[in-house]
Structures are given as C-alpha cells and as structure tokens.
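Before any comments, here is the structure.
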Amino acid sequence: MSNEIAILGAGMHPWGKWGHNFVEYGVAAAREALADAGVPWRDIRFVSGGATVRCGYPGYVAGATFAQALGWQGAEVNTSYAACASGSQALAAARNKIISGECDVALVVGADTTPKGFLAPAKGYRPEDPDWVRFYLGITNPTYFALYARRRMDLYGDTLADFAAVKVKNSKIGAHNPRARYKKVFSAEDVAASAMVADPLRLMDICATSDGGAALIVSSLDYARKIGRGDAPRVAAISTVTPTFASGVVEMPDIATDSAAAAGVEAIAYRSQIPVKAYEEAGIGPEDVDLAEVYDLSTALELDWIEDLMLAPRGEAAALLRAGDTAVGGRIPVNASGGLACFGEAVPAQALAQVCELTWQLRGEAGDRQVEGAKVGITANQGLFGHGSSVIIKR
Amino acid sequence: MSAKPHAPAIDGWHTMAAEPHLIGTRCEGCGTYFFPRQTHYCKNPNCDSTEFEDVELSRTGTLWSYTNACYKPPEPFVASDPFEPYAIAAVELDKEKMVVLGQVATGIGVEDLRVGMPMELVLEPLHETDEDIKVTWKWQPLAD
Ligand SMILES: [Zn+2]
C-alpha cells in the first residue's frame, strides 16, 4: 500500500514586508487553498500548523491559532516546530493522520512575520548558549553561508560570477511570480555593485527575511477520487531525517563540528543525507526529477543543494548553471519560483511554499514560469538545530 | 593597548600560554572529542559513556574554509570604534577530526588565506573592559 496523499489545493499570501500579524497571512493562504481544492472549511478534520519561535517566544500555538481564525469547527490540531523544515513536518503529521485513516482531508498551513532588527541573543555572560558564544566572538549567520561558498571557490573553481548568475537567473524567473516579494530583474553588474557582507558573498547573494503564508489542502487518494480529483499531484515522499553523527560541516549556531575521532565513525555532511530518504521512499532517483525547489539562503548554497540532491556530481553544479540547465527551459530547472532570492525567508511557511510551487508546476498552472511537462518535483531545505526536509511531489 | 591584565573572554575554553590550546573533553568510552567541553553525555550513538577527561586540543590544523565580517555584528559582540573588519577561519583538526571556528589574527585578510593551508592557534584581544583585556583564540597561517 502506498503512502501517497493527494494535494487538492495550494494557496499563498504574497511574500513581502507587510507588517501585519502572521495569522492574517495564514488565513489568506488557507482560504485560497480551500477555494483551490473546492473543499468546504467545515470538512477539514485536521489542521496542521508550522510554528514560529522568536526570541524564545513561540508566537502562538500555530495550528490552533489558524483553526480559531478560520472559525472553530472541532477539527483536531497539530503544531510542528522544525525551523526551516516546520512546514514539511506539519505536512508529515497530516499525512500520518490521513494514511492511518483517522481523517480524509486536512489543512497544512504556515505563516510568519519578519522579526524586527537583528535576531540577537539574550544579554549577559552565557557561554552555555551557542548563539551567545558565536555572536560574542563575531560570527553571524552570513559567516556560515560564506564558509560554504568559499569552499566551493577553492575546491571546485566556482567564481563570483557563478554566484551572481544564480541571482540573475532567479530574479529573471521570479519577476513572473505574482507571489514573490522581489520582482526586479537584476544583472550580474547589480550583484557585483552590492556591498560585500561576508567574503565572497555580497548583499545580493544573501536572502532576506519576509512576511508570508502558505497552505495546502491534502487528502486520501480515495477522497480525491470521490470529489473527481483523482489526477491531483501527490505527495510521494517526505524526509525529515536528523543528521548522522559525526556531522562534519559546521552548522549555525555551532562554533565547532562533531568529532569523528571515534572508531567506526565518519564525518558526514547533513545536507546530502536529507534527500536520500526521500528518493528511497518515492522509489525514484535524481534522474526522474523534472524540477527542484531548494533553500537558497545564499546564491552559492543553491549550487550546494543541486549536488546534495544528486542532480549534478559533486563540484559540477556551476557547470550546470553556466550551461543554462537550471533555468526554466533548461534540463533541470531549479527554483522556478524565483527561490528565496525573490521571496526572502518566512521560516514556518517556506517549506510549504516550495510544495505550493511544485503543485502549480505539476498542474501546468505556473504561467510564465511553467516547466513544460513537469511530472516529478523535489524540495529541499535545512535550518537550525539539525532540522531539514525534502519532499517529492509527482503526478 | 593599555597595561590592564589579560583575562580569557570565555573562562576555561583555552589555556593562556604563549602557544595556547583550546580545552575540550574526550569521551573515555569511545574517544570522541568535544569542543566546547561536554561532560554529561556522549553524542556518539554507539556510546553511552558518561566519563570524560579534559584535554588540550591540537593547536594546529588545516584551513577548511574562511570568510570575513564586513559589518559590525550585534551584541554581545563588542566592536572597536570605528569597526574594523576581520577574517574568520574554520580549521580542521587532524587528530580530533573536527572543525573549529574562530576569528583570524589581526592584519590577516581573506586574500592571505586558501583552503588547505596549515593554521595555528594564537591568543589576541577581543575587547577591553574597565578591569581587563579580554582575550580569545584566533587562527593564523602557520609560520614556516
Ligand atoms: Zn563516547
């Protein structure tokens, strides 16, 4: 018996810096997804929300907050916190409920509001808090992205022009996405003229944080057939695996990696492990993938992800980019939505936004961004504290 | 720089010797190293030891990657005025099989660095308080 569930509806509140309460974005996304699915709100028996945490304060209990805003109707709720993978975990919770037969149709929703100012840790002398340690020593978020980017340059020969080309590609396609925050097309010169933040990354190589909301209506295949939507895109796999000790790549907010000195232990890069389970679960390989939505917190990171998803051999993602293979119209389009470069990150909504894009693409409804004949799409993201996910959608 | 005494910015994370070492722990069950010090549980899934010994980590390693900070970080970082950009290194320790981050010694920029270079640990001021000069570990290319 397959683990597949149907995606009946997708919805998003446009990303931006609107300054409203996150509940508004989630409700707007949920209403759009419900309308898209043609499912009445009262038929939803499970509401699964991605949670947000700001300065130790968990926003609201997200699942219940959205259920209340849409009007309490007695559905069961769930809230998932998994940093950037929160949306995928919320989706996985809905899938479990559906596969177990406890519910036919569920709402999965995530939304966020841009935090004000720097996400600085609490004050005092607190060496037990890795965030306090790294900020005290002068190590910020872009430091980590820049370390990965520089390694690509020194090991694989990637150039600043390659990183800029990722931004140019994503801005060009994102300009056609009505839900994207940034719709301006940037040139390589624009990127080169932006300020250096953490060498080799410039301001325009690094993604911003945004307001936004995304939602999905998912159901059993039986329910989908019953309402005449048996051909809807399906969730074929969800991977939310943890890293495997010893994690060999230094990750935010840590000051050091695991040690791989013990017998029988190897240093392993977490990012590359995330999609492995997704491919296995879906019973497909990278060669079957038509498009990918990856977490481009930086331009260079998009290239890392292409290799982690095994869409290119290690060190060869830039060659794919230079050949135009990762642009819409190319062999394996990456971030046809415009990616985080055009959206900015809205943490608990972002993993769901990736699935929304794949849903529209697989239905052939992506307009000027359409990847012709797309039948299989994969997402990938990674965030703090060993959270990451990869979702495969197929039709 | 004033004549104030030197004190570690973070207590007990490194020795104060002229050739300093980071202070970590080593699991007595499986030999895994930890920095910062870990003394309660071993993170190796094959090991449930709760016995750890303090160890001085290797003070040389190989440059895994590097970058710099062009903008002033937020607190608790204490910035010089005006802010002076500094380089940052991730250095792989061979024996411990781990990568440790740190600032790069003053006056060394990203143009002086290259993945794979041998690096060594030094101590330098991080900032000054009313009482003392807080020093921390930094990395610099290993002198020939
Ligand atoms: Zn151990």
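In the structure tokens, chains take the letters A, B, ... in the order shown, each chain's residues start at 1, and ligands count up from 1 in the order shown.
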Using only C-alpha atoms and all ligand atoms, find each residue in chain B having at least one atom no more than 12 Å away from ligand 1; report its shortest atom-to-atom pair and that distance in Å (one decimal), rows by chain then rising number, as a Markdown table.
```
| residue | atom | partner | partner_atom_place_in_ligand_line | distance |
| --- | --- | --- | --- | --- |
| B:Thr25 | CA | ligand 1 | 1 (Zn) | 10.5 |
| B:Arg26 | CA | ligand 1 | 1 (Zn) | 7.9 |
| B:Cys27 | CA | ligand 1 | 1 (Zn) | 4.6 |
| B:Glu28 | CA | ligand 1 | 1 (Zn) | 6.5 |
| B:Gly29 | CA | ligand 1 | 1 (Zn) | 4.7 |
| B:Cys30 | CA | ligand 1 | 1 (Zn) | 4.1 |
| B:Gly31 | CA | ligand 1 | 1 (Zn) | 6.0 |
| B:Thr32 | CA | ligand 1 | 1 (Zn) | 5.6 |
| B:Tyr33 | CA | ligand 1 | 1 (Zn) | 8.5 |
| B:Phe34 | CA | ligand 1 | 1 (Zn) | 9.9 |
| B:Gln38 | CA | ligand 1 | 1 (Zn) | 10.4 |
| B:Thr39 | CA | ligand 1 | 1 (Zn) | 10.4 |
| B:His40 | CA | ligand 1 | 1 (Zn) | 10.4 |
| B:Tyr41 | CA | ligand 1 | 1 (Zn) | 7.7 |
| B:Cys42 | CA | ligand 1 | 1 (Zn) | 4.6 |
| B:Lys43 | CA | ligand 1 | 1 (Zn) | 6.7 |
| B:Asn44 | CA | ligand 1 | 1 (Zn) | 5.5 |
| B:Pro45 | CA | ligand 1 | 1 (Zn) | 8.2 |
| B:Asn46 | CA | ligand 1 | 1 (Zn) | 7.4 |
| B:Cys47 | CA | ligand 1 | 1 (Zn) | 4.6 |
| B:Asp48 | CA | ligand 1 | 1 (Zn) | 6.3 |
| B:Ser49 | CA | ligand 1 | 1 (Zn) | 5.3 |
| B:Thr50 | CA | ligand 1 | 1 (Zn) | 7.7 |
| B:Glu51 | CA | ligand 1 | 1 (Zn) | 8.2 |
| B:Phe52 | CA | ligand 1 | 1 (Zn) | 8.4 |
| B:Glu53 | CA | ligand 1 | 1 (Zn) | 11.2 |
```
Taking a cut-off of 7 Å and counting only C-alpha atoms, can you build a table that, for each residue of chain B near chain A, reports the nearest atom pair and how far apart they are in Å (one decimal), sorted by chain then residue number, as CSV?
```
residue,atom,partner,partner_atom,distance
B:Ile10,CA,A:Pro127,CA,6.9
B:Cys30,CA,A:Ala262,CA,5.5
B:Gly31,CA,A:Ala262,CA,5.1
B:Thr32,CA,A:Ala262,CA,5.0
B:Tyr33,CA,A:Ser259,CA,5.5
B:Phe34,CA,A:Ser259,CA,6.7
B:Phe35,CA,A:Ala256,CA,6.6
B:Asn44,CA,A:Phe245,CA,6.3
B:Ser65,CA,A:Leu147,CA,5.3
B:Tyr66,CA,A:Leu147,CA,5.4
B:Thr67,CA,A:Asp199,CA,5.2
B:Asn68,CA,A:Ala198,CA,5.1
B:Ala69,CA,A:Ala198,CA,5.2
B:Cys70,CA,A:Val197,CA,5.2
B:Tyr71,CA,A:Val197,CA,6.5
B:Pro73,CA,A:Gly138,CA,5.9
B:Pro74,CA,A:Ala120,CA,6.3
B:Glu75,CA,A:Ala120,CA,6.6
B:Pro76,CA,A:Tyr136,CA,4.8
B:Phe77,CA,A:Tyr136,CA,4.1
B:Glu96,CA,A:Ala261,CA,5.5
B:Lys97,CA,A:Ala260,CA,5.1
B:Met98,CA,A:Ser259,CA,4.5
B:Val99,CA,A:Thr257,CA,5.3
B:Val100,CA,A:Ala256,CA,4.3
B:Leu101,CA,A:Ile255,CA,5.4
B:Val115,CA,A:Asp154,CA,6.1
```
_So that I can see what lies close to Val39 of chain A, please list as a PyMOL selection string the residues with an atom at most 10 Å from it, counting only C-alpha atoms and leaving out residues fewer than 2 positions away in the same chain._
chain A and resi 8-9+33-37+41-44+105-106+217+227
Keeping only C-alpha atoms, write those residues as a compact mmCIF listing (two decimals), in the first residue's frame.
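Just written: selection18.txt:
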```
# COMPACT_ATOMS: atom_id res chain seq x y z
CA LEU A 8 -6.09 19.12 -3.65
CA GLY A 9 -5.32 22.77 -3.11
CA ALA A 33 -6.03 26.65 -0.74
CA LEU A 34 -9.58 25.71 0.33
CA ALA A 35 -11.07 27.51 -2.67
CA ASP A 36 -8.49 25.92 -4.96
CA ALA A 37 -9.40 22.49 -3.57
CA TRP A 41 -13.70 24.56 5.64
CA ARG A 42 -16.12 22.54 7.77
CA ASP A 43 -14.98 19.33 6.02
CA ILE A 44 -11.37 19.78 7.23
CA VAL A 105 -8.83 15.77 4.32
CA ALA A 106 -6.51 18.15 6.18
CA ILE A 217 -5.21 21.01 1.37
CA ILE A 227 -14.56 14.56 -5.48
```
*Per-residue DSSP, chain B, filtered to strand (DSSP E or B), as a PyMOL selection string*: chain B and resi 6-8+14+22-27+33-34+52-56+60-69+86-93+98-104+118-128+133-141
*Residue neighbourhood Asp130 of chain B, 12 Å, only C-alpha atoms, exclusion window fewer than 4 positions, as a PyMOL selection string*: chain B and resi 2-6+134
_As an exercise, work out the distance from atom CA of Val294 of chain A to atom CA of Ala232 of chain A in Å and give it to one decimal place._
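These two atoms are separated by 22.6 Å.
The shortest atom-to-atom distance to Glu56 of chain B, with only C-alpha atoms taken into account, belongs to B:Gly24 out of B:Pro36, B:Pro118, B:Pro85, B:Gly24.
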*From the DSSP assignment of the backbone, select every residue of segment 184-329 of chain A that is alpha helix (DSSP H), and format the answer as number ranges by chain.*
A: 188-193, 221-226, 270-282, 299-308, 317-322
Mind dumping the selected residues with C-alpha atoms as a PDB file, in the first residue's frame?
```
ATOM      1  CA  ALA A 188      25.484  40.498 -12.796  1.00  0.00           C
ATOM      2  CA  GLU A 189      26.641  44.129 -12.533  1.00  0.00           C
ATOM      3  CA  ASP A 190      23.936  44.860  -9.960  1.00  0.00           C
ATOM      4  CA  VAL A 191      25.136  41.948  -7.832  1.00  0.00           C
ATOM      5  CA  ALA A 192      28.785  42.971  -8.190  1.00  0.00           C
ATOM      6  CA  ALA A 193      27.904  46.527  -7.143  1.00  0.00           C
ATOM      7  CA  LEU A 221      -6.474   9.240  -2.645  1.00  0.00           C
ATOM      8  CA  ASP A 222      -9.987   7.870  -2.115  1.00  0.00           C
ATOM      9  CA  TYR A 223     -11.291  11.260  -1.061  1.00  0.00           C
ATOM     10  CA  ALA A 224      -9.579  12.848  -4.067  1.00  0.00           C
ATOM     11  CA  ARG A 225     -11.216  10.366  -6.443  1.00  0.00           C
ATOM     12  CA  LYS A 226     -14.572  10.837  -4.753  1.00  0.00           C
ATOM     13  CA  TYR A 270      23.919  16.555   6.697  1.00  0.00           C
ATOM     14  CA  ARG A 271      22.550  18.324   3.632  1.00  0.00           C
ATOM     15  CA  SER A 272      23.397  15.419   1.353  1.00  0.00           C
ATOM     16  CA  GLN A 273      21.588  12.942   3.621  1.00  0.00           C
ATOM     17  CA  ILE A 274      18.218  14.706   3.609  1.00  0.00           C
ATOM     18  CA  PRO A 275      17.119  13.737   0.069  1.00  0.00           C
ATOM     19  CA  VAL A 276      18.356  10.136   0.305  1.00  0.00           C
ATOM     20  CA  LYS A 277      15.353   9.002   2.321  1.00  0.00           C
ATOM     21  CA  ALA A 278      13.001  10.994   0.059  1.00  0.00           C
ATOM     22  CA  TYR A 279      14.273   9.257  -3.071  1.00  0.00           C
ATOM     23  CA  GLU A 280      14.041   5.856  -1.377  1.00  0.00           C
ATOM     24  CA  GLU A 281      10.516   6.473  -0.139  1.00  0.00           C
ATOM     25  CA  ALA A 282       9.306   7.681  -3.537  1.00  0.00           C
ATOM     26  CA  THR A 299      23.299  32.044  -4.139  1.00  0.00           C
ATOM     27  CA  ALA A 300      26.198  29.635  -3.585  1.00  0.00           C
ATOM     28  CA  LEU A 301      24.014  27.417  -1.420  1.00  0.00           C
ATOM     29  CA  GLU A 302      21.727  26.750  -4.398  1.00  0.00           C
ATOM     30  CA  LEU A 303      24.738  25.154  -6.093  1.00  0.00           C
ATOM     31  CA  ASP A 304      25.449  23.031  -2.996  1.00  0.00           C
ATOM     32  CA  TRP A 305      21.840  21.826  -2.965  1.00  0.00           C
ATOM     33  CA  ILE A 306      21.943  20.817  -6.638  1.00  0.00           C
ATOM     34  CA  GLU A 307      24.781  18.458  -5.751  1.00  0.00           C
ATOM     35  CA  ASP A 308      23.178  17.324  -2.490  1.00  0.00           C
ATOM     36  CA  ALA A 317      26.647  22.416 -10.213  1.00  0.00           C
ATOM     37  CA  ALA A 318      28.226  25.591 -11.553  1.00  0.00           C
ATOM     38  CA  ALA A 319      28.803  23.872 -14.903  1.00  0.00           C
ATOM     39  CA  LEU A 320      25.081  23.028 -14.995  1.00  0.00           C
ATOM     40  CA  LEU A 321      24.259  26.651 -14.200  1.00  0.00           C
ATOM     41  CA  ARG A 322      26.624  28.004 -16.866  1.00  0.00           C
TER      42      ARG A 322
END
```
*Considering only C-alpha atoms, return as an NGL selection string whatever protein or nucleic-acid residues lie within 10 Å of Phe66 of chain A, sequence-local ones (same chain, fewer than 2 positions apart) excluded.*
:A and (22-27 or 30 or 47-49 or 60-64 or 68-72 or 77 or 107-111)
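Every protein, DNA or RNA residue with an atom at most 7 Å from Lys169 of chain A, where only C-alpha atoms count and chain neighbours fewer than 4 positions away do not, is listed here: Ala165, Ile173 and Ala327 of chain A.
Between atom CA of Ala10 of chain A and atom CA of Ala215 of chain A the interatomic distance comes to 5.8 Å.
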I want to know what sits within 8 Å of segment 138-140 of chain B, based on only C-alpha atoms, with residues of the same chain fewer than 6 positions away left out; could you give that as a short mmCIF file (atom, residue, chain, number, x, y, z; two decimals) with N, CA, C and O atoms, in the first residue's frame?
```cif
data_model
loop_
_atom_site.label_atom_id
_atom_site.label_comp_id
_atom_site.auth_asym_id
_atom_site.auth_seq_id
_atom_site.Cartn_x
_atom_site.Cartn_y
_atom_site.Cartn_z
N ALA B 89 38.05 32.03 10.30
CA ALA B 89 38.52 30.76 9.74
C ALA B 89 37.80 29.58 10.36
O ALA B 89 37.39 29.62 11.52
N VAL B 91 38.85 25.74 10.93
CA VAL B 91 40.09 24.96 10.85
C VAL B 91 39.82 23.52 11.28
O VAL B 91 39.20 23.26 12.32
N GLY B 102 36.85 30.38 14.40
CA GLY B 102 37.44 31.44 15.20
C GLY B 102 37.79 32.60 14.30
O GLY B 102 37.88 32.45 13.08
N GLN B 103 37.97 33.77 14.91
CA GLN B 103 38.48 34.89 14.12
C GLN B 103 39.90 34.57 13.68
O GLN B 103 40.57 33.71 14.25
N VAL B 104 40.34 35.30 12.64
CA VAL B 104 41.72 35.20 12.18
C VAL B 104 42.49 36.36 12.81
O VAL B 104 41.93 37.44 13.03
N ALA B 105 43.75 36.13 13.13
CA ALA B 105 44.56 37.15 13.80
C ALA B 105 44.55 38.47 13.03
O ALA B 105 44.46 38.49 11.79
N ILE B 108 45.48 39.91 9.07
CA ILE B 108 45.44 38.87 8.04
C ILE B 108 44.05 38.87 7.41
O ILE B 108 43.04 38.76 8.12
N MET B 119 47.32 26.00 9.69
CA MET B 119 46.97 27.13 10.56
C MET B 119 47.35 26.79 11.98
O MET B 119 47.43 25.62 12.37
N GLU B 120 47.55 27.84 12.78
CA GLU B 120 47.82 27.61 14.20
C GLU B 120 47.01 28.56 15.07
O GLU B 120 46.56 29.62 14.63
N LEU B 121 46.87 28.15 16.34
CA LEU B 121 46.06 28.89 17.30
C LEU B 121 46.92 29.94 18.00
O LEU B 121 48.04 29.64 18.42
N VAL B 122 46.37 31.14 18.15
CA VAL B 122 47.04 32.19 18.93
C VAL B 122 45.98 32.85 19.82
O VAL B 122 44.79 32.62 19.65
N LEU B 123 46.45 33.66 20.75
CA LEU B 123 45.54 34.46 21.57
C LEU B 123 45.67 35.92 21.18
O LEU B 123 46.78 36.40 20.93
N GLU B 124 44.55 36.61 21.13
CA GLU B 124 44.55 38.05 20.84
C GLU B 124 43.42 38.71 21.61
O GLU B 124 42.42 38.05 21.94
#
```
_Between B:Ala7, B:Leu126, B:Ile88, B:Leu63, which residue has the minimum interatomic distance to Gly109 of chain B, considering only C-alpha atoms?_
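Using only C-alpha atoms, Gly109 of chain B sits closest to B:Ile88.
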_atom CA of Lys17 of chain A to atom CA of Leu291 of chain A, distance in Å rounded to a single decimal_ =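 Between atom CA of Lys17 of chain A and atom CA of Leu291 of chain A the gap is 28.1 Å.
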